[in-house]
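Written out below as structure tokens is the structure these notes cover.
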Amino acid sequence: MSRRIGVFAITTVALWLLAHAVAFLTHEFAHSFLATALGWKGNPLDLDWGHATPMNILLLQDVDENVDYAPVFAGGHAVHAGLIALAGVAFGNLVASLGVGLALLAAARKRAAPLLGYFAYWLIVMSVGNLISYVPLRTFASHADMHTVALGFGWTPMEILLLVGMPFFAVVAWFFIRCQPCALAWLFPDSTPRRNGVVVLTSLTVFGFFCMGGLTGYGETSRQLCEAFMFVLGPLSLVSGLLLTRRAG
């Protein structure tokens, strides 16, 4: 029994890290490829990879899209800057990594491949976490992607919340209400402890890991939103996840 728990724990950590890397790099490459397509970057594969520190190797914390927005604005192409900044989360995560995760989950269920399905589940989780980490958590920041989006399109933070946030919120709600219970009921039909453990880790990931990034460096509004998500929505997602997953199982 203890060996099976150990194997499951190691598998979970490995797939969590892999899914995080895939969602993260998809986000950064979305910025980079669109910047190249619009003529503002020469090589779309040229990311800033940062330093070879343990945290950067595991979580890619220093990796950046390596796009210089200054000449885009200076050249009078503010909309291009807004599109490039928005591409990371809107295309990279909402469309690409989330879409791949859902496709892989469907394929895994069709082929009875639970390991592939478990990776797909975590890729979906990472995609959802990325969505809320940008909108709303960094919407009111005075720098970085969402600030560039606001400058590029001439939007206020409230307009970003309405135009970008509403679809994001719908996806997040759908995940916790529908996707998570169904996926875990299929992945672990005979193991309530595993389902519950994954629910806990999912809530910690979405409302802990992805919210902590906005606690510092993005302004007071971002900090307050992050704390509200961590200490209000986090526990709510945990309780609802346990109840809905139990019912689905």
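Chain labels A, B, ... are given in the sequence in which chains occur in the structure tokens; within each chain residues are numbered consecutively from 1, and ligands are likewise numbered from 1 in the order shown.
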
**Prompt:** Using only C-alpha atoms, which residues sit within 10 Å of stretch 187-202 of chain A once same-chain residues fewer than 5 positions away are excluded, as a ChimeraX atom specification?
**Reply:** /A:5,8-9,12,16,108-109,112-115,117-118,121-122,125-126,129,176,180-182,207-209,234-235,237-243,245-246,248-249

Write the residues of the preceding selection, restricted to N, CA, C and O atoms, as a short mmCIF file (atom, residue, chain, number, x, y, z; two decimals), in the first residue's frame.
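Contents of selection.cif, as written:
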```
data_model
loop_
_atom_site.label_atom_id
_atom_site.label_comp_id
_atom_site.auth_asym_id
_atom_site.auth_seq_id
_atom_site.Cartn_x
_atom_site.Cartn_y
_atom_site.Cartn_z
N ILE A 5 1.17 4.32 -2.82
CA ILE A 5 1.00 5.73 -2.49
C ILE A 5 2.21 6.53 -2.94
O ILE A 5 2.08 7.63 -3.49
N PHE A 8 2.17 6.92 -6.71
CA PHE A 8 1.15 7.90 -7.09
C PHE A 8 1.63 9.32 -6.80
O PHE A 8 1.45 10.24 -7.62
N ALA A 9 2.27 9.52 -5.64
CA ALA A 9 2.76 10.85 -5.27
C ALA A 9 3.85 11.32 -6.24
O ALA A 9 3.84 12.47 -6.70
N THR A 12 2.29 12.15 -9.58
CA THR A 12 1.57 13.42 -9.50
C THR A 12 2.52 14.60 -9.59
O THR A 12 2.27 15.56 -10.35
N TRP A 16 2.58 17.20 -12.64
CA TRP A 16 2.31 18.59 -12.26
C TRP A 16 3.39 19.50 -12.85
O TRP A 16 3.09 20.53 -13.47
N ALA A 108 -7.71 10.25 -24.10
CA ALA A 108 -7.35 9.29 -23.05
C ALA A 108 -8.56 8.48 -22.61
O ALA A 108 -8.46 7.27 -22.38
N ARG A 109 -9.70 9.12 -22.49
CA ARG A 109 -10.91 8.41 -22.09
C ARG A 109 -11.33 7.43 -23.19
O ARG A 109 -11.76 6.30 -22.89
N ALA A 112 -8.83 4.56 -23.04
CA ALA A 112 -8.62 4.01 -21.70
C ALA A 112 -7.15 4.12 -21.30
O ALA A 112 -6.51 3.15 -20.93
N ALA A 113 -6.64 5.36 -21.38
CA ALA A 113 -5.24 5.64 -21.04
C ALA A 113 -5.20 6.61 -19.86
O ALA A 113 -5.07 7.83 -20.06
N PRO A 114 -5.32 6.11 -18.64
CA PRO A 114 -5.43 7.00 -17.48
C PRO A 114 -4.21 7.88 -17.23
O PRO A 114 -4.34 9.00 -16.74
N LEU A 115 -3.01 7.38 -17.53
CA LEU A 115 -1.82 8.21 -17.31
C LEU A 115 -1.84 9.45 -18.20
O LEU A 115 -1.56 10.57 -17.75
N GLY A 117 -4.54 10.72 -19.41
CA GLY A 117 -5.64 11.52 -18.89
C GLY A 117 -5.25 12.31 -17.66
O GLY A 117 -5.69 13.45 -17.49
N TYR A 118 -4.39 11.73 -16.83
CA TYR A 118 -3.95 12.43 -15.62
C TYR A 118 -3.06 13.63 -15.98
O TYR A 118 -3.18 14.70 -15.39
N TYR A 121 -5.36 16.27 -17.30
CA TYR A 121 -6.05 16.96 -16.20
C TYR A 121 -5.19 18.09 -15.64
O TYR A 121 -5.66 19.22 -15.47
N TRP A 122 -3.92 17.81 -15.39
CA TRP A 122 -3.06 18.85 -14.82
C TRP A 122 -2.75 19.95 -15.83
O TRP A 122 -2.57 21.11 -15.44
N VAL A 125 -5.65 22.19 -15.49
CA VAL A 125 -5.52 22.95 -14.25
C VAL A 125 -4.55 24.12 -14.42
O VAL A 125 -4.83 25.25 -14.00
N MET A 126 -3.40 23.85 -15.02
CA MET A 126 -2.40 24.91 -15.22
C MET A 126 -2.93 26.01 -16.14
O MET A 126 -2.65 27.19 -15.94
N GLY A 129 -5.35 28.07 -14.06
CA GLY A 129 -4.60 28.90 -13.12
C GLY A 129 -3.98 30.11 -13.79
O GLY A 129 -3.98 31.21 -13.23
N PHE A 176 -14.40 23.93 -12.38
CA PHE A 176 -14.63 23.45 -11.02
C PHE A 176 -16.00 22.78 -10.88
O PHE A 176 -16.14 21.85 -10.08
N GLN A 180 -13.73 19.14 -13.46
CA GLN A 180 -13.00 18.46 -12.40
C GLN A 180 -13.73 17.23 -11.85
O GLN A 180 -13.14 16.13 -11.78
N PRO A 181 -15.01 17.34 -11.46
CA PRO A 181 -15.69 16.15 -10.94
C PRO A 181 -15.74 15.00 -11.94
O PRO A 181 -15.51 13.84 -11.57
N CYS A 182 -16.04 15.29 -13.20
CA CYS A 182 -16.14 14.23 -14.20
C CYS A 182 -14.78 13.59 -14.47
O CYS A 182 -14.67 12.36 -14.58
N PHE A 207 -5.56 28.44 -6.54
CA PHE A 207 -5.78 29.57 -5.64
C PHE A 207 -4.66 29.76 -4.63
O PHE A 207 -4.78 30.59 -3.73
N GLY A 208 -3.59 29.01 -4.78
CA GLY A 208 -2.41 29.21 -3.95
C GLY A 208 -1.22 29.57 -4.81
O GLY A 208 -0.78 30.71 -4.85
N PHE A 209 -0.73 28.60 -5.57
CA PHE A 209 0.44 28.80 -6.41
C PHE A 209 0.26 29.95 -7.39
O PHE A 209 1.11 30.84 -7.50
N GLY A 234 -10.39 30.04 -2.62
CA GLY A 234 -9.64 28.80 -2.43
C GLY A 234 -10.40 27.79 -1.58
O GLY A 234 -10.66 26.65 -2.01
N PRO A 235 -10.80 28.15 -0.35
CA PRO A 235 -11.58 27.22 0.47
C PRO A 235 -12.92 26.83 -0.17
O PRO A 235 -13.35 25.68 -0.06
N SER A 237 -13.56 26.59 -3.39
CA SER A 237 -13.29 25.62 -4.45
C SER A 237 -12.96 24.26 -3.87
O SER A 237 -13.31 23.22 -4.46
N LEU A 238 -12.32 24.25 -2.72
CA LEU A 238 -11.98 22.98 -2.07
C LEU A 238 -13.23 22.25 -1.59
O LEU A 238 -13.42 21.06 -1.87
N VAL A 239 -14.10 22.97 -0.89
CA VAL A 239 -15.32 22.35 -0.36
C VAL A 239 -16.22 21.88 -1.50
O VAL A 239 -16.71 20.75 -1.50
N SER A 240 -16.43 22.76 -2.48
CA SER A 240 -17.30 22.38 -3.59
C SER A 240 -16.70 21.24 -4.40
O SER A 240 -17.42 20.34 -4.86
N GLY A 241 -15.37 21.27 -4.56
CA GLY A 241 -14.69 20.19 -5.30
C GLY A 241 -14.87 18.84 -4.62
O GLY A 241 -15.14 17.83 -5.28
N LEU A 242 -14.72 18.82 -3.30
CA LEU A 242 -14.90 17.56 -2.56
C LEU A 242 -16.33 17.07 -2.67
O LEU A 242 -16.57 15.87 -2.86
N LEU A 243 -17.30 17.97 -2.56
CA LEU A 243 -18.71 17.57 -2.64
C LEU A 243 -19.09 17.11 -4.04
O LEU A 243 -19.72 16.06 -4.22
N THR A 245 -17.11 16.12 -6.51
CA THR A 245 -16.37 14.93 -6.92
C THR A 245 -16.91 13.68 -6.23
O THR A 245 -17.00 12.60 -6.84
N ARG A 246 -17.31 13.82 -4.99
CA ARG A 246 -17.93 12.68 -4.28
C ARG A 246 -19.23 12.27 -4.95
O ARG A 246 -19.51 11.08 -5.14
N ALA A 248 -20.07 12.86 -8.11
CA ALA A 248 -19.79 12.29 -9.43
C ALA A 248 -19.25 10.89 -9.33
O ALA A 248 -19.46 10.06 -10.21
N GLY A 249 -18.50 10.61 -8.25
CA GLY A 249 -17.92 9.28 -8.09
C GLY A 249 -18.95 8.26 -7.66
O GLY A 249 -18.73 7.06 -7.72
#
```

**Message:** So, with only C-alpha atoms as the atoms that count, which of A:Leu47, A:Leu86, A:Leu60, A:Val206 lies closest to A:Leu17?
**Reply:**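 The shortest atom-to-atom distance to A:Leu17 comes from A:Leu60.
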
Hey, which bits of stretch 6-85 of chain A sit within 7 Å of stretch 136-148 of chain A, and for each residue what's the closest pair of atoms and how far apart in Å (one decimal), counting only C-alpha atoms, rows by chain and increasing number, as a tab-separated table?
```
residue	atom	partner	partner_atom	distance
A:Ala81	CA	A:Thr148	CA	6.8
A:Gly82	CA	A:Thr148	CA	5.9
A:Ala85	CA	A:Asp145	CA	5.0
```

**Message:** Using Å and a single decimal, report how far atom CA of A:Glu28 sits from atom CA of A:Ala52.
**Reply:**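 These atoms are spaced 18.0 Å apart.
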
**Request:** Write out as a PyMOL selection string the residues lying within 10 Å of stretch 94-105 of chain A, counting only C-alpha atoms and excluding same-chain residues fewer than 3 positions away.
**Result:** chain A and resi 19+22-27+30+87-91+108-111+113-128+130-131+167-168+171+179+183

Saved selection, atoms kept: N, CA, C and O atoms, as a compact mmCIF listing (two decimals), in the first residue's frame:
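Here's the written file out_30.txt:
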```txt
# COMPACT_ATOMS: atom_id res chain seq x y z
N ALA A 19 3.16 19.54 -16.74
CA ALA A 19 2.02 20.32 -17.20
C ALA A 19 2.26 21.81 -17.00
O ALA A 19 1.92 22.63 -17.86
N VAL A 22 4.58 22.98 -19.77
CA VAL A 22 3.91 23.06 -21.07
C VAL A 22 3.03 24.31 -21.14
O VAL A 22 3.06 25.07 -22.12
N ALA A 23 2.23 24.55 -20.10
CA ALA A 23 1.35 25.72 -20.09
C ALA A 23 2.15 27.02 -20.06
O ALA A 23 1.81 27.99 -20.75
N PHE A 24 3.23 27.03 -19.29
CA PHE A 24 4.06 28.22 -19.18
C PHE A 24 4.72 28.55 -20.52
O PHE A 24 4.68 29.68 -21.00
N LEU A 25 5.34 27.56 -21.12
CA LEU A 25 6.05 27.80 -22.39
C LEU A 25 5.08 28.12 -23.52
O LEU A 25 5.40 28.92 -24.41
N THR A 26 3.92 27.51 -23.51
CA THR A 26 2.90 27.85 -24.50
C THR A 26 2.54 29.32 -24.40
O THR A 26 2.38 30.02 -25.42
N HIS A 27 2.41 29.80 -23.17
CA HIS A 27 2.12 31.21 -22.92
C HIS A 27 3.22 32.10 -23.50
O HIS A 27 2.94 33.05 -24.24
N ALA A 30 3.50 32.04 -27.29
CA ALA A 30 2.40 32.75 -27.94
C ALA A 30 2.76 34.22 -28.11
O ALA A 30 2.51 34.82 -29.17
N ALA A 87 -1.77 37.87 -26.21
CA ALA A 87 -1.65 36.54 -26.83
C ALA A 87 -1.22 35.47 -25.85
O ALA A 87 -1.64 34.32 -25.96
N GLY A 88 -0.38 35.83 -24.87
CA GLY A 88 0.12 34.82 -23.95
C GLY A 88 -0.98 34.06 -23.23
O GLY A 88 -1.05 32.84 -23.26
N VAL A 89 -1.88 34.81 -22.59
CA VAL A 89 -2.94 34.16 -21.83
C VAL A 89 -4.14 33.82 -22.69
O VAL A 89 -4.76 32.77 -22.51
N ALA A 90 -4.49 34.70 -23.66
CA ALA A 90 -5.70 34.48 -24.45
C ALA A 90 -5.52 33.35 -25.46
O ALA A 90 -6.39 32.49 -25.62
N PHE A 91 -4.40 33.36 -26.18
CA PHE A 91 -4.17 32.28 -27.14
C PHE A 91 -3.35 31.16 -26.52
O PHE A 91 -3.71 29.99 -26.61
N ALA A 108 -7.71 10.25 -24.10
CA ALA A 108 -7.35 9.29 -23.05
C ALA A 108 -8.56 8.48 -22.61
O ALA A 108 -8.46 7.27 -22.38
N ARG A 109 -9.70 9.12 -22.49
CA ARG A 109 -10.91 8.41 -22.09
C ARG A 109 -11.33 7.43 -23.19
O ARG A 109 -11.76 6.30 -22.89
N LYS A 110 -11.19 7.84 -24.43
CA LYS A 110 -11.57 6.97 -25.55
C LYS A 110 -10.67 5.74 -25.62
O LYS A 110 -11.13 4.64 -25.93
N ARG A 111 -9.37 5.94 -25.33
CA ARG A 111 -8.39 4.86 -25.43
C ARG A 111 -8.10 4.17 -24.09
O ARG A 111 -7.22 3.33 -24.01
N ALA A 113 -6.64 5.36 -21.38
CA ALA A 113 -5.24 5.64 -21.04
C ALA A 113 -5.20 6.61 -19.86
O ALA A 113 -5.07 7.83 -20.06
N PRO A 114 -5.32 6.11 -18.64
CA PRO A 114 -5.43 7.00 -17.48
C PRO A 114 -4.21 7.88 -17.23
O PRO A 114 -4.34 9.00 -16.74
N LEU A 115 -3.01 7.38 -17.53
CA LEU A 115 -1.82 8.21 -17.31
C LEU A 115 -1.84 9.45 -18.20
O LEU A 115 -1.56 10.57 -17.75
N LEU A 116 -2.20 9.26 -19.48
CA LEU A 116 -2.34 10.39 -20.38
C LEU A 116 -3.45 11.32 -19.89
O LEU A 116 -3.33 12.54 -19.93
N GLY A 117 -4.54 10.72 -19.41
CA GLY A 117 -5.64 11.52 -18.89
C GLY A 117 -5.25 12.31 -17.66
O GLY A 117 -5.69 13.45 -17.49
N TYR A 118 -4.39 11.73 -16.83
CA TYR A 118 -3.95 12.43 -15.62
C TYR A 118 -3.06 13.63 -15.98
O TYR A 118 -3.18 14.70 -15.39
N PHE A 119 -2.19 13.45 -16.97
CA PHE A 119 -1.41 14.59 -17.46
C PHE A 119 -2.33 15.65 -18.05
O PHE A 119 -2.16 16.85 -17.79
N ALA A 120 -3.30 15.23 -18.84
CA ALA A 120 -4.24 16.17 -19.45
C ALA A 120 -4.98 16.96 -18.38
O ALA A 120 -5.20 18.17 -18.52
N TYR A 121 -5.36 16.27 -17.30
CA TYR A 121 -6.05 16.96 -16.20
C TYR A 121 -5.19 18.09 -15.64
O TYR A 121 -5.66 19.22 -15.47
N TRP A 122 -3.92 17.81 -15.39
CA TRP A 122 -3.06 18.85 -14.82
C TRP A 122 -2.75 19.95 -15.83
O TRP A 122 -2.57 21.11 -15.44
N LEU A 123 -2.73 19.63 -17.10
CA LEU A 123 -2.54 20.68 -18.10
C LEU A 123 -3.75 21.62 -18.12
O LEU A 123 -3.60 22.84 -18.25
N ILE A 124 -4.94 21.07 -17.95
CA ILE A 124 -6.14 21.90 -17.86
C ILE A 124 -6.07 22.77 -16.61
O ILE A 124 -6.39 23.97 -16.65
N VAL A 125 -5.65 22.19 -15.49
CA VAL A 125 -5.52 22.95 -14.25
C VAL A 125 -4.55 24.12 -14.42
O VAL A 125 -4.83 25.25 -14.00
N MET A 126 -3.40 23.85 -15.02
CA MET A 126 -2.40 24.91 -15.22
C MET A 126 -2.93 26.01 -16.14
O MET A 126 -2.65 27.19 -15.94
N SER A 127 -3.69 25.63 -17.13
CA SER A 127 -4.29 26.62 -18.04
C SER A 127 -5.27 27.51 -17.30
O SER A 127 -5.27 28.74 -17.45
N VAL A 128 -6.12 26.90 -16.48
CA VAL A 128 -7.10 27.65 -15.69
C VAL A 128 -6.39 28.58 -14.71
O VAL A 128 -6.78 29.74 -14.53
N ASN A 130 -3.46 29.92 -14.99
CA ASN A 130 -2.89 31.04 -15.73
C ASN A 130 -3.95 32.09 -16.04
O ASN A 130 -3.67 33.30 -16.01
N LEU A 131 -5.15 31.66 -16.38
CA LEU A 131 -6.21 32.62 -16.71
C LEU A 131 -6.45 33.59 -15.56
O LEU A 131 -6.42 34.81 -15.74
N PRO A 167 -15.14 35.82 -20.17
CA PRO A 167 -14.88 34.47 -20.71
C PRO A 167 -13.98 33.64 -19.81
O PRO A 167 -14.18 32.44 -19.65
N PHE A 168 -12.97 34.30 -19.21
CA PHE A 168 -12.08 33.58 -18.30
C PHE A 168 -12.85 33.03 -17.10
O PHE A 168 -12.68 31.87 -16.72
N VAL A 171 -14.85 29.97 -17.94
CA VAL A 171 -14.03 28.77 -18.06
C VAL A 171 -13.65 28.23 -16.68
O VAL A 171 -13.71 27.02 -16.43
N CYS A 179 -15.90 20.03 -15.16
CA CYS A 179 -14.76 19.28 -15.66
C CYS A 179 -14.05 18.48 -14.57
O CYS A 179 -13.78 17.29 -14.73
N ALA A 183 -13.75 14.42 -14.57
CA ALA A 183 -12.41 13.89 -14.86
C ALA A 183 -11.92 13.00 -13.73
O ALA A 183 -11.39 11.89 -13.97
```

**Prompt:** Which of these residues is nearest to A:Arg247, using only C-alpha atoms: A:Val7, A:Tyr218, A:Thr205, A:Leu184?
**Reply:**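 Of all the options, A:Leu184 lies closest to A:Arg247.
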
**Complete:** Using only C-alpha atoms, the residue out of A:Pro44, A:Leu233, A:Val72, A:Gln61 with shortest distance to A:Ala173 is A:Leu233

**Request:** Taking the chain letters and numbering used in this document, name the residues of stretch 133-201 of chain A that DSSP puts in alpha helix (DSSP H), as a VMD selection string.
**Result:** chain A and resid 133 to 134 144 to 153 157 to 160 166 to 174 180 to 187 192 to 201

**Message:** Can you measure atom CA of A:Trp40 to atom CA of A:Leu58 for me? One decimal in Å is fine.
**Reply:**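 Separating atom CA of A:Trp40 from atom CA of A:Leu58 is a distance of 29.7 Å.
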
**Å distance separating atom CA of A:Gly213 from atom CA of A:Cys226, one decimal place** =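 Between atom CA of A:Gly213 and atom CA of A:Cys226 the gap is 8.5 Å.
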